[in-house]
Amino acid sequence: MNLNNPSLLKTSAYINGAWVEAKDNKTFPVHNPFDGSVIAHAADCGKDETSKAIEAAEKAFLSWKKFTASKRSRILKKWHQLILANVDDLAKILTLEQGKPLAEAKGEIKYGASFVEWFAEEAKRVYGDTIPGHMSDKRIVTIKQAVGVVAAITPWNFPNAMITRKVAPALAAGCTVIIKPSELTPLSAFALAELADQAGFPHGVINILSGSDAPSIGEEMCANKKVRKLSFTGSTRVGKILLKQCADTVKKVSMELGGNAPFIVFNDADIDEAVKGAIASKYRNAGQTCICSNRIFAQAEIYDAFTSKLAEASKELSVGNGLDEGIHVGPMIEEKAIASIENLMEDAKAKGAEILTGGHRIEGTSKLNYAPTVLTKVHPEMKIFSQEIFGPIAPVFKFETLEEVINLANDTEYGLACYFYGKDYAMIWKVAEALEYGMVGINTGMISTAVAPFGGVKESGFGREGSKYGMDDYLEIKYMCWGGID
Ligand code: SIN
């Protein structure tokens, strides 16, 4: 791999400030999803290495929590600067192991860095309260304290930003961390660890390890009493397993799980803007984000105009190798992922869906490039209505009334992000209030930013990442009742 800063290509685990191999020097291959080539072999860690990392984090917690907030903030700021200074290399590593186009990968590195900057600032604003006492001789004060050792399990779709979004608030709060990135994309995580090391985090404050047997690492993180908090981003299925595993040690938990985002276009919407928003939210990362619009609903009057414009715009997207100039949509992450969307397509076609554009893999070097696809004549009995697609397929459902579309939009166990386009002021408020989701995009398809609280309701999870709320999950409130003050 040709990098300006070759020190960023690390393949070992980072435990207690040292780069270490897995037991018996075990490794697993990391592939480029575009052509299947092996780009590196990473240390294949399991339960033992996880437990060592937890011990290191526990020891480091004793001193890290005592650092002043401004000292922690300074190290976080240094990390932020180093991430930005290495954006090109970090993006290249990310595209190589994940597939997203280079420009999008750079966007992710900057997005990831913005969480580090934000929480470096928030570190200094962890305030307690004084509460008017309930008796005349009593005074009540609250303080906030770091939870302790935090375990973070992060996904392959954002190999950089999903780490910083959890780790930066944890570190700012005074917690120490053990991170398990997806085994599909460990290299971006190791590169972040290298920069954290250069930024001067004390040994044991940040630990990162990966392994091909993800459940054994996850089980240890959940079972180990020294871990006081688990933060997970990934599927609802795995989230439920981790939740059960965390019950025995009653850990604090936050879960950022799957989504089934509705994207609603009302008759009075600006159709061109709605198409732009749909393209941005549907095809980001080849449709592989939890907040990608999953079910598009267009109102009857504008249905034909909207779908044909969406199909035209989808056709214009170039699909290929994320490293090549001008590519908008990279490969899917792995064969399993593309097989799953093919299964949804088969079901939709068998039940009457019509393909306006796409609907097939792209012939060429990559087996994992799928054409941006727009479907009409879709209905709620199709699997595509209730399952998270996680691919570049845009089914457009037709609706007549506001009440009907709210019911359809809420007819899912998920509640992460939703979007709608329209102009009527009163209708906007009513719809935003009625949608059972944690995040609402109104006349925009792009809602992600470090300054806003990211998170869902229902089976999309709980906890909020980013924003002034983002540190709450890493802090405990302690209340002190002072008596005898007559
Ligand atoms: C996700 O897919 O879970 C994250 C998307 C984002 O932060 O924008």
# chains A, B, ... in the order shown; residues from 1 in each chain; ligands from 1
>>> residues_around(residues="segment 174-188 of chain A", least_positions_apart="5", cutoff="7 Å", atoms="only C-alpha atoms", output="number ranges by chain")
A: 9-11, 30, 53-54, 57, 60-61, 64-65, 90, 93-94, 97-98, 146-156, 159-160, 167, 205-212
>>> residues_around(residues="Lys468 of chain A", least_positions_apart="2", cutoff="8 Å", atoms="only C-alpha atoms", output="PyMOL selection string")
chain A and resi 122+451-453+466+470-471
>>> residues_near_ligand(ligand="ligand 1", cutoff="10 Å", atoms="only C-alpha atoms and all ligand atoms", output="ChimeraX atom specification")
/A:108,111-112,154-158,161-162,165,233-235,256-259,281,284-285,287-292,390,416-417,446-450,454-455,465-466
>>> select_by_dssp(residues="segment 61-142 of chain A", states="alpha helix (DSSP H)", output="VMD selection string")
chain A and resid 61 to 64 69 to 85 87 to 98 102 to 122
>>> write_last_selection(atoms="N, CA and C atoms", output="compact mmCIF listing (two decimals), in the first residue's frame")
# COMPACT_ATOMS: atom_id res chain seq x y z
N PHE A 61 -7.29 3.58 33.75
CA PHE A 61 -8.43 4.40 34.19
C PHE A 61 -8.12 5.14 35.51
N LEU A 62 -7.36 4.45 36.38
CA LEU A 62 -7.08 5.04 37.69
C LEU A 62 -6.39 6.39 37.57
N SER A 63 -5.50 6.54 36.59
CA SER A 63 -4.85 7.84 36.46
C SER A 63 -5.53 8.76 35.43
N TRP A 64 -6.04 8.17 34.34
CA TRP A 64 -6.66 9.00 33.29
C TRP A 64 -7.85 9.80 33.82
N ALA A 69 -9.65 18.09 33.04
CA ALA A 69 -10.39 18.05 31.77
C ALA A 69 -9.58 18.73 30.67
N SER A 70 -8.88 19.81 31.02
CA SER A 70 -8.18 20.52 29.95
C SER A 70 -6.96 19.72 29.47
N LYS A 71 -6.37 18.90 30.35
CA LYS A 71 -5.26 18.06 29.91
C LYS A 71 -5.77 16.96 28.95
N ARG A 72 -6.91 16.36 29.31
CA ARG A 72 -7.50 15.36 28.40
C ARG A 72 -7.87 16.03 27.08
N SER A 73 -8.41 17.23 27.19
CA SER A 73 -8.82 17.97 26.01
C SER A 73 -7.64 18.24 25.07
N ARG A 74 -6.51 18.60 25.66
CA ARG A 74 -5.33 18.91 24.82
C ARG A 74 -4.87 17.69 24.03
N ILE A 75 -4.90 16.52 24.67
CA ILE A 75 -4.46 15.31 23.95
C ILE A 75 -5.46 14.96 22.85
N LEU A 76 -6.74 15.13 23.15
CA LEU A 76 -7.76 14.88 22.11
C LEU A 76 -7.57 15.84 20.93
N LYS A 77 -7.25 17.09 21.25
CA LYS A 77 -7.06 18.07 20.16
C LYS A 77 -5.86 17.69 19.30
N LYS A 78 -4.83 17.20 19.94
CA LYS A 78 -3.64 16.77 19.18
C LYS A 78 -4.03 15.61 18.25
N TRP A 79 -4.82 14.68 18.78
CA TRP A 79 -5.28 13.55 17.98
C TRP A 79 -6.07 14.06 16.77
N HIS A 80 -6.95 15.02 17.03
CA HIS A 80 -7.75 15.62 15.96
C HIS A 80 -6.86 16.20 14.86
N GLN A 81 -5.83 16.96 15.30
CA GLN A 81 -4.92 17.57 14.30
C GLN A 81 -4.21 16.50 13.48
N LEU A 82 -3.76 15.44 14.16
CA LEU A 82 -3.02 14.39 13.45
C LEU A 82 -3.93 13.66 12.46
N ILE A 83 -5.18 13.46 12.84
CA ILE A 83 -6.12 12.79 11.91
C ILE A 83 -6.27 13.64 10.65
N LEU A 84 -6.47 14.95 10.85
CA LEU A 84 -6.65 15.82 9.69
C LEU A 84 -5.38 15.91 8.86
N ALA A 85 -4.24 15.90 9.52
CA ALA A 85 -2.96 16.00 8.78
C ALA A 85 -2.73 14.75 7.93
N VAL A 87 -5.26 12.91 6.45
CA VAL A 87 -6.56 12.55 5.86
C VAL A 87 -6.41 11.73 4.57
N ASP A 88 -5.42 12.06 3.74
CA ASP A 88 -5.29 11.34 2.46
C ASP A 88 -4.96 9.86 2.68
N ASP A 89 -4.00 9.63 3.56
CA ASP A 89 -3.62 8.23 3.83
C ASP A 89 -4.76 7.47 4.50
N LEU A 90 -5.39 8.12 5.47
CA LEU A 90 -6.48 7.43 6.18
C LEU A 90 -7.61 7.08 5.22
N ALA A 91 -7.88 8.00 4.29
CA ALA A 91 -8.95 7.76 3.31
C ALA A 91 -8.57 6.61 2.38
N LYS A 92 -7.29 6.57 2.00
CA LYS A 92 -6.86 5.50 1.10
C LYS A 92 -7.02 4.13 1.78
N ILE A 93 -6.57 4.06 3.03
CA ILE A 93 -6.70 2.79 3.78
C ILE A 93 -8.18 2.40 3.86
N LEU A 94 -9.01 3.41 4.14
CA LEU A 94 -10.45 3.15 4.30
C LEU A 94 -11.07 2.63 3.00
N THR A 95 -10.75 3.30 1.90
CA THR A 95 -11.32 2.86 0.62
C THR A 95 -10.83 1.45 0.27
N LEU A 96 -9.55 1.20 0.52
CA LEU A 96 -9.02 -0.12 0.17
C LEU A 96 -9.70 -1.25 0.93
N GLU A 97 -10.00 -1.03 2.21
CA GLU A 97 -10.59 -2.15 2.96
C GLU A 97 -12.12 -2.13 2.98
N GLN A 98 -12.71 -0.97 2.66
CA GLN A 98 -14.17 -0.86 2.77
C GLN A 98 -14.85 -0.68 1.43
N LEU A 102 -13.16 7.32 -2.81
CA LEU A 102 -12.15 8.08 -2.06
C LEU A 102 -12.69 9.40 -1.51
N ALA A 103 -13.46 10.12 -2.31
CA ALA A 103 -13.98 11.42 -1.85
C ALA A 103 -14.89 11.20 -0.64
N GLU A 104 -15.67 10.14 -0.70
CA GLU A 104 -16.57 9.83 0.42
C GLU A 104 -15.75 9.40 1.65
N ALA A 105 -14.66 8.66 1.38
CA ALA A 105 -13.79 8.22 2.49
C ALA A 105 -13.16 9.44 3.17
N LYS A 106 -12.73 10.41 2.35
CA LYS A 106 -12.16 11.64 2.94
C LYS A 106 -13.22 12.33 3.78
N GLY A 107 -14.43 12.36 3.26
CA GLY A 107 -15.55 12.96 4.01
C GLY A 107 -15.73 12.24 5.34
N GLU A 108 -15.61 10.92 5.31
CA GLU A 108 -15.77 10.19 6.58
C GLU A 108 -14.64 10.52 7.56
N ILE A 109 -13.42 10.64 7.07
CA ILE A 109 -12.30 10.94 7.99
C ILE A 109 -12.55 12.32 8.64
N LYS A 110 -13.02 13.27 7.85
CA LYS A 110 -13.27 14.61 8.41
C LYS A 110 -14.45 14.56 9.39
N TYR A 111 -15.44 13.80 9.01
CA TYR A 111 -16.61 13.61 9.90
C TYR A 111 -16.14 12.96 11.21
N GLY A 112 -15.32 11.92 11.08
CA GLY A 112 -14.79 11.24 12.28
C GLY A 112 -13.98 12.20 13.14
N ALA A 113 -13.13 13.00 12.49
CA ALA A 113 -12.29 13.96 13.23
C ALA A 113 -13.16 14.99 13.95
N SER A 114 -14.29 15.32 13.36
CA SER A 114 -15.13 16.36 13.97
C SER A 114 -15.67 15.92 15.34
N PHE A 115 -15.83 14.61 15.55
CA PHE A 115 -16.25 14.13 16.87
C PHE A 115 -15.13 14.32 17.89
N VAL A 116 -13.89 14.12 17.43
CA VAL A 116 -12.76 14.27 18.35
C VAL A 116 -12.65 15.75 18.75
N GLU A 117 -12.79 16.62 17.78
CA GLU A 117 -12.71 18.06 18.09
C GLU A 117 -13.84 18.48 19.03
N TRP A 118 -15.05 18.02 18.67
CA TRP A 118 -16.23 18.41 19.46
C TRP A 118 -16.09 17.98 20.92
N PHE A 119 -15.67 16.70 21.12
CA PHE A 119 -15.61 16.21 22.50
C PHE A 119 -14.36 16.70 23.24
N ALA A 120 -13.34 17.11 22.48
CA ALA A 120 -12.20 17.77 23.15
C ALA A 120 -12.71 19.05 23.82
N GLU A 121 -13.67 19.69 23.16
CA GLU A 121 -14.24 20.92 23.73
C GLU A 121 -15.22 20.59 24.86
N GLU A 122 -16.05 19.59 24.63
CA GLU A 122 -17.05 19.22 25.64
C GLU A 122 -16.42 18.71 26.93
>>> residues_around(residues="Ser340 of chain A", least_positions_apart="6", cutoff="12 Å", atoms="only C-alpha atoms", output="list in words")
Met332, Ile333, Glu334, Glu346, Asp347, Leu368, Tyr370, Lys383, Ile384, Gln387, Glu388, Ile389, Phe390, Gly391, Pro392 and Ile393 of chain A
>>> write_last_selection(atoms="N, CA and C atoms", output="mmCIF file, in the first residue's frame")
data_model
loop_
_atom_site.group_PDB
_atom_site.id
_atom_site.type_symbol
_atom_site.label_atom_id
_atom_site.label_comp_id
_atom_site.auth_asym_id
_atom_site.auth_seq_id
_atom_site.Cartn_x
_atom_site.Cartn_y
_atom_site.Cartn_z
ATOM 1 N N MET A 332 -20.166 -3.326 -2.950
ATOM 2 C CA MET A 332 -20.750 -3.750 -1.678
ATOM 3 C C MET A 332 -19.635 -4.418 -0.877
ATOM 4 N N ILE A 333 -19.848 -4.561 0.409
ATOM 5 C CA ILE A 333 -18.752 -5.009 1.271
ATOM 6 C C ILE A 333 -18.339 -6.461 1.038
ATOM 7 N N GLU A 334 -19.305 -7.346 0.777
ATOM 8 C CA GLU A 334 -18.951 -8.761 0.575
ATOM 9 C C GLU A 334 -20.081 -9.476 -0.154
ATOM 10 N N GLU A 346 -35.454 -10.439 -5.932
ATOM 11 C CA GLU A 346 -36.220 -11.582 -6.457
ATOM 12 C C GLU A 346 -37.640 -11.556 -5.898
ATOM 13 N N ASP A 347 -37.715 -11.333 -4.583
ATOM 14 C CA ASP A 347 -39.022 -11.302 -3.920
ATOM 15 C C ASP A 347 -39.882 -10.169 -4.494
ATOM 16 N N LEU A 368 -18.737 -7.307 -6.935
ATOM 17 C CA LEU A 368 -19.583 -6.724 -5.887
ATOM 18 C C LEU A 368 -20.146 -5.346 -6.228
ATOM 19 N N TYR A 370 -23.005 -3.187 -7.672
ATOM 20 C CA TYR A 370 -24.422 -3.349 -7.993
ATOM 21 C C TYR A 370 -24.959 -2.023 -8.523
ATOM 22 N N LYS A 383 -40.808 -8.021 0.891
ATOM 23 C CA LYS A 383 -39.793 -8.004 1.961
ATOM 24 C C LYS A 383 -39.081 -6.661 2.025
ATOM 25 N N ILE A 384 -38.966 -6.025 0.882
ATOM 26 C CA ILE A 384 -38.239 -4.766 0.781
ATOM 27 C C ILE A 384 -38.872 -3.654 1.626
ATOM 28 N N GLN A 387 -37.700 -5.053 5.526
ATOM 29 C CA GLN A 387 -36.290 -5.360 5.841
ATOM 30 C C GLN A 387 -35.375 -4.204 5.515
ATOM 31 N N GLU A 388 -34.309 -4.091 6.304
ATOM 32 C CA GLU A 388 -33.294 -3.079 5.994
ATOM 33 C C GLU A 388 -32.576 -3.544 4.718
ATOM 34 N N ILE A 389 -32.566 -2.713 3.669
ATOM 35 C CA ILE A 389 -32.017 -3.157 2.379
ATOM 36 C C ILE A 389 -30.491 -3.198 2.424
ATOM 37 N N PHE A 390 -29.875 -2.175 2.938
ATOM 38 C CA PHE A 390 -28.412 -2.050 3.010
ATOM 39 C C PHE A 390 -27.766 -2.262 1.645
ATOM 40 N N GLY A 391 -28.298 -1.612 0.651
ATOM 41 C CA GLY A 391 -27.760 -1.699 -0.700
ATOM 42 C C GLY A 391 -28.419 -0.630 -1.550
ATOM 43 N N PRO A 392 -27.927 -0.462 -2.805
ATOM 44 C CA PRO A 392 -28.376 0.673 -3.618
ATOM 45 C C PRO A 392 -29.710 0.458 -4.336
ATOM 46 N N ILE A 393 -30.733 0.098 -3.585
ATOM 47 C CA ILE A 393 -32.044 -0.130 -4.198
ATOM 48 C C ILE A 393 -33.058 0.841 -3.602
#
>>> select_by_dssp(residues="segment 112-273 of chain A", states="strand (DSSP E)", output="JSON, numbers by chain")
{"A": [129, 130, 131, 139, 140, 141, 142, 143, 144, 145, 146, 149, 150, 151, 152, 153, 176, 177, 178, 179, 180, 206, 207, 208, 227, 228, 229, 230, 231, 232, 233, 252, 253, 254, 255, 256, 261, 262, 263, 264, 265]}
>>> closest_residue(among="A:Phe34, A:Phe201, A:Phe462, A:Tyr414", to="Val319 of chain A", atoms="only C-alpha atoms")
A:Phe34
>>> closest_residue(among="A:Phe28, A:Phe232, A:Tyr14, A:Tyr474", to="Cys246 of chain A", atoms="only C-alpha atoms")
A:Phe232
>>> atom_distance(atom1="atom CA of Pro169 of chain A", atom2="atom CA of Asp473 of chain A")
8.6 Å
